[in-house]
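Asks: My structure is below; once you've seen it, I'll send some questions.
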Amino acid sequence: MSNKLILVVDDNDINRMLPSVLLKPYGIHVLECSNGWEALELIKIQRVDCMLIDISMPSFTGLDLISHILKNSKYAEIKLIAYTADAAMQDEDQFLQLGFHQVLIKPVSAKDLLSAIGVAQMRAS
């Protein structure tokens, strides 16, 4: 996993920073975007292996973002992980049906992140 590039898309600074801090000891590189529009622009120019996508961002939600990503076959290899703290949105089946490969409930631990990235890679393959 040490050469993987993960993109965290979240409007909350701490929620963007935490995966970076937790994954750095494992040699996993993390990029951060504070909104879905920024993430769409970034993946046009930077290949990423996996995206942690906050569901409840203002104006352009994680669901909006995944909809755009899934419409473009160029991004078919990206592993998509729903990254949410909303207890009302914990229905994993709903997220999987929408196109996510895995669901992470905030706050996360390094073990949660590593597991989700691994599961996402297996499910997408």
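Going by the structure tokens order, chains are called A, B, ..., each with residues numbered from 1, while ligands are numbered from 1 in the order shown.
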Taking only residues of region 48-120 of chain A that have an atom at most 8 Å from an atom of region 5-14 of chain A, what is each one's shortest atom pair and its distance in Å to one decimal, using only C-alpha atoms, in chain and number order, as a tab-separated table?
Replies:
residue	atom	partner	partner_atom	distance
A:Val48	CA	A:Leu5	CA	5.2
A:Asp49	CA	A:Leu5	CA	5.4
A:Cys50	CA	A:Ile6	CA	4.9
A:Met51	CA	A:Leu7	CA	4.6
A:Leu52	CA	A:Val8	CA	4.7
A:Ile53	CA	A:Val9	CA	4.9
A:Asp54	CA	A:Asp10	CA	5.1
A:Met57	CA	A:Asp11	CA	5.9
A:Pro58	CA	A:Asp11	CA	7.8
Asks: Using DSSP secondary structure from the backbone, list all helix (DSSP H, G or I) positions within chain A, as an MDAnalysis selection string.
Replies: chainID A and resid 13:26 36:45 62:70 73:75 87:89 92:98 110:124
Asks: So which one's closest to Gly36 (chain A), A:Leu96, A:Ile81, A:Ile55, A:Leu22? Using only C-alpha atoms, please.
Replies: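 The closest residue to Gly36 (chain A) is A:Ile55.
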Asks: Please determine, counting only C-alpha atoms, which residue among A:Ala76, A:Met17, A:Ala82, A:Val103 has the shortest atom-to-atom distance to Thr61 (chain A).
Replies: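 For Thr61 (chain A), the nearest of the candidates is A:Ala82.
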Asks: Quote the spacing between CA of Asn15 (chain A) and CA of Pro107 (chain A) in Å to one decimal place.
Replies: 8.0 Å
